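Comments concern the structure below.
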Amino acid sequence: MEDYAIIDLYWSRNPEAISRTCEKYGNYCRAVAQNILPDRRDTEECVNDTWLKAWNAMPEDRPRLLAQYLGKITRNLALNRWRDNRTEKRGGGELPLVLDELADCISSTDTLQAVEAGELAKAVNRFLHMLPERECNLFLRRYWFAEPMAEIASRYGMRENTVRTILFRSRKKLQSYLEKEDLL
């Protein structure tokens, strides 16, 4: 079923919207959550919460790209769940590694204030548009979707060390870019 038809089901408040969304985007949303959350039950709960959140938001929102819309909801729910789990000393998954890798780029007090003001997100978006496509894709896979290095390497037919090196260089470029933008 096409995305516009699924969105129409949401707008008409047809419960079939949930089952159609689950059929088409269930695996995608599960993968997004799984990369952040180590517990399968947390992942499933997060995906189910995605359907509920989409159901409640859709009458006011008509997304252009349903996959991105659902992916963003899932990612935000998974991050919230991860934070909750972490405060309960149950953390895990790929997210702690991803955050450690980015620590040099976004660890200063000024940067944290920029995050709150939304300036950092805009700067990172500008930076990503400057990167070559493959490098941008690797960066997004690792730092947006929190994919493990081995998965990224497999997806792009590369060795894990090559991916690690490209991401290291990208982080250094990001750090330099943020310094030039006075966000570090």
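FYI, nothing fancy with the structure tokens labels: chains A, B, ... in order, residues from 1 per chain, ligands from 1 as they appear.
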>> Could you go through stretch 22-163 of chain A and tell me which residues DSSP, when run on the backbone, assigns to alpha helix (DSSP H), listing them as a VMD selection string?
In response: chain A and resid 22 to 36 40 to 57 66 to 87 95 to 102 109 to 117 119 to 130 133 to 143 149 to 156 160 to 163
>> To one decimal place in Å, what is the distance between atom CA of A:Cys29 and atom CA of A:Arg41?
In response: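 We find that atom CA of A:Cys29 and atom CA of A:Arg41 lie 13.8 Å from each other.
Pairwise distance (atom CA of A:Lys24, atom CA of A:Ile6) equals 9.7 Å.
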>> Show me, as a PyMOL selection string, the residues that have an atom within 12 Å of A:Arg169 when counting only C-alpha atoms, minus same-chain residues fewer than 5 positions from it.
In response: chain A and resi 101-102+105+131+135-136+138-139+162-164+174-176
Can you write just those residues out, N, CA, C and O atoms, as a PDB file, in the first residue's frame?
ATOM      1  N   GLU A 101      31.854   8.404  21.039  1.00  0.00           N
ATOM      2  CA  GLU A 101      32.547   8.816  19.821  1.00  0.00           C
ATOM      3  C   GLU A 101      32.324  10.292  19.514  1.00  0.00           C
ATOM      4  O   GLU A 101      33.213  10.970  19.016  1.00  0.00           O
ATOM      5  N   LEU A 102      31.136  10.791  19.808  1.00  0.00           N
ATOM      6  CA  LEU A 102      30.804  12.187  19.512  1.00  0.00           C
ATOM      7  C   LEU A 102      31.203  13.150  20.626  1.00  0.00           C
ATOM      8  O   LEU A 102      31.072  14.361  20.461  1.00  0.00           O
ATOM      9  N   CYS A 105      33.237  16.259  19.865  1.00  0.00           N
ATOM     10  CA  CYS A 105      32.591  17.256  19.010  1.00  0.00           C
ATOM     11  C   CYS A 105      31.551  18.091  19.749  1.00  0.00           C
ATOM     12  O   CYS A 105      31.302  19.236  19.368  1.00  0.00           O
ATOM     13  N   LEU A 131      29.324  17.158   3.051  1.00  0.00           N
ATOM     14  CA  LEU A 131      30.044  15.891   2.932  1.00  0.00           C
ATOM     15  C   LEU A 131      29.693  15.174   1.632  1.00  0.00           C
ATOM     16  O   LEU A 131      28.568  15.290   1.139  1.00  0.00           O
ATOM     17  N   GLU A 135      30.083   9.409   2.631  1.00  0.00           N
ATOM     18  CA  GLU A 135      30.543   9.813   3.962  1.00  0.00           C
ATOM     19  C   GLU A 135      29.363  10.294   4.817  1.00  0.00           C
ATOM     20  O   GLU A 135      29.256   9.966   5.998  1.00  0.00           O
ATOM     21  N   CYS A 136      28.465  11.029   4.199  1.00  0.00           N
ATOM     22  CA  CYS A 136      27.257  11.499   4.888  1.00  0.00           C
ATOM     23  C   CYS A 136      26.397  10.311   5.309  1.00  0.00           C
ATOM     24  O   CYS A 136      25.908  10.261   6.448  1.00  0.00           O
ATOM     25  N   LEU A 138      27.331   7.207   5.891  1.00  0.00           N
ATOM     26  CA  LEU A 138      27.997   6.488   6.983  1.00  0.00           C
ATOM     27  C   LEU A 138      27.788   7.235   8.301  1.00  0.00           C
ATOM     28  O   LEU A 138      27.490   6.623   9.335  1.00  0.00           O
ATOM     29  N   PHE A 139      27.945   8.544   8.258  1.00  0.00           N
ATOM     30  CA  PHE A 139      27.776   9.374   9.449  1.00  0.00           C
ATOM     31  C   PHE A 139      26.360   9.238   9.999  1.00  0.00           C
ATOM     32  O   PHE A 139      26.148   9.045  11.199  1.00  0.00           O
ATOM     33  N   THR A 162      37.819   0.474   7.804  1.00  0.00           N
ATOM     34  CA  THR A 162      37.636   1.568   6.845  1.00  0.00           C
ATOM     35  C   THR A 162      36.503   2.473   7.313  1.00  0.00           C
ATOM     36  O   THR A 162      36.630   3.705   7.289  1.00  0.00           O
ATOM     37  N   VAL A 163      35.408   1.868   7.741  1.00  0.00           N
ATOM     38  CA  VAL A 163      34.275   2.644   8.255  1.00  0.00           C
ATOM     39  C   VAL A 163      34.722   3.447   9.476  1.00  0.00           C
ATOM     40  O   VAL A 163      34.437   4.641   9.592  1.00  0.00           O
ATOM     41  N   ARG A 164      35.433   2.808  10.371  1.00  0.00           N
ATOM     42  CA  ARG A 164      35.922   3.463  11.590  1.00  0.00           C
ATOM     43  C   ARG A 164      36.793   4.680  11.236  1.00  0.00           C
ATOM     44  O   ARG A 164      36.655   5.757  11.829  1.00  0.00           O
ATOM     45  N   LEU A 174      33.795  17.610  11.563  1.00  0.00           N
ATOM     46  CA  LEU A 174      32.670  18.224  12.275  1.00  0.00           C
ATOM     47  C   LEU A 174      33.181  19.115  13.394  1.00  0.00           C
ATOM     48  O   LEU A 174      32.707  20.238  13.569  1.00  0.00           O
ATOM     49  N   GLN A 175      34.138  18.625  14.134  1.00  0.00           N
ATOM     50  CA  GLN A 175      34.703  19.406  15.234  1.00  0.00           C
ATOM     51  C   GLN A 175      35.287  20.716  14.706  1.00  0.00           C
ATOM     52  O   GLN A 175      35.031  21.798  15.250  1.00  0.00           O
ATOM     53  N   SER A 176      36.038  20.642  13.636  1.00  0.00           N
ATOM     54  CA  SER A 176      36.633  21.823  13.020  1.00  0.00           C
ATOM     55  C   SER A 176      35.542  22.785  12.527  1.00  0.00           C
ATOM     56  O   SER A 176      35.627  24.004  12.729  1.00  0.00           O
TER      57      SER A 176
END
> Contacts of A:Ala78 at 8 Å or less, counting only C-alpha atoms, minus same-chain residues fewer than 4 places along, as a count of residues only?
Replying inline: 7
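Picture a line from atom CA of A:Leu183 to atom CA of A:Ser170; it runs 16.8 Å.
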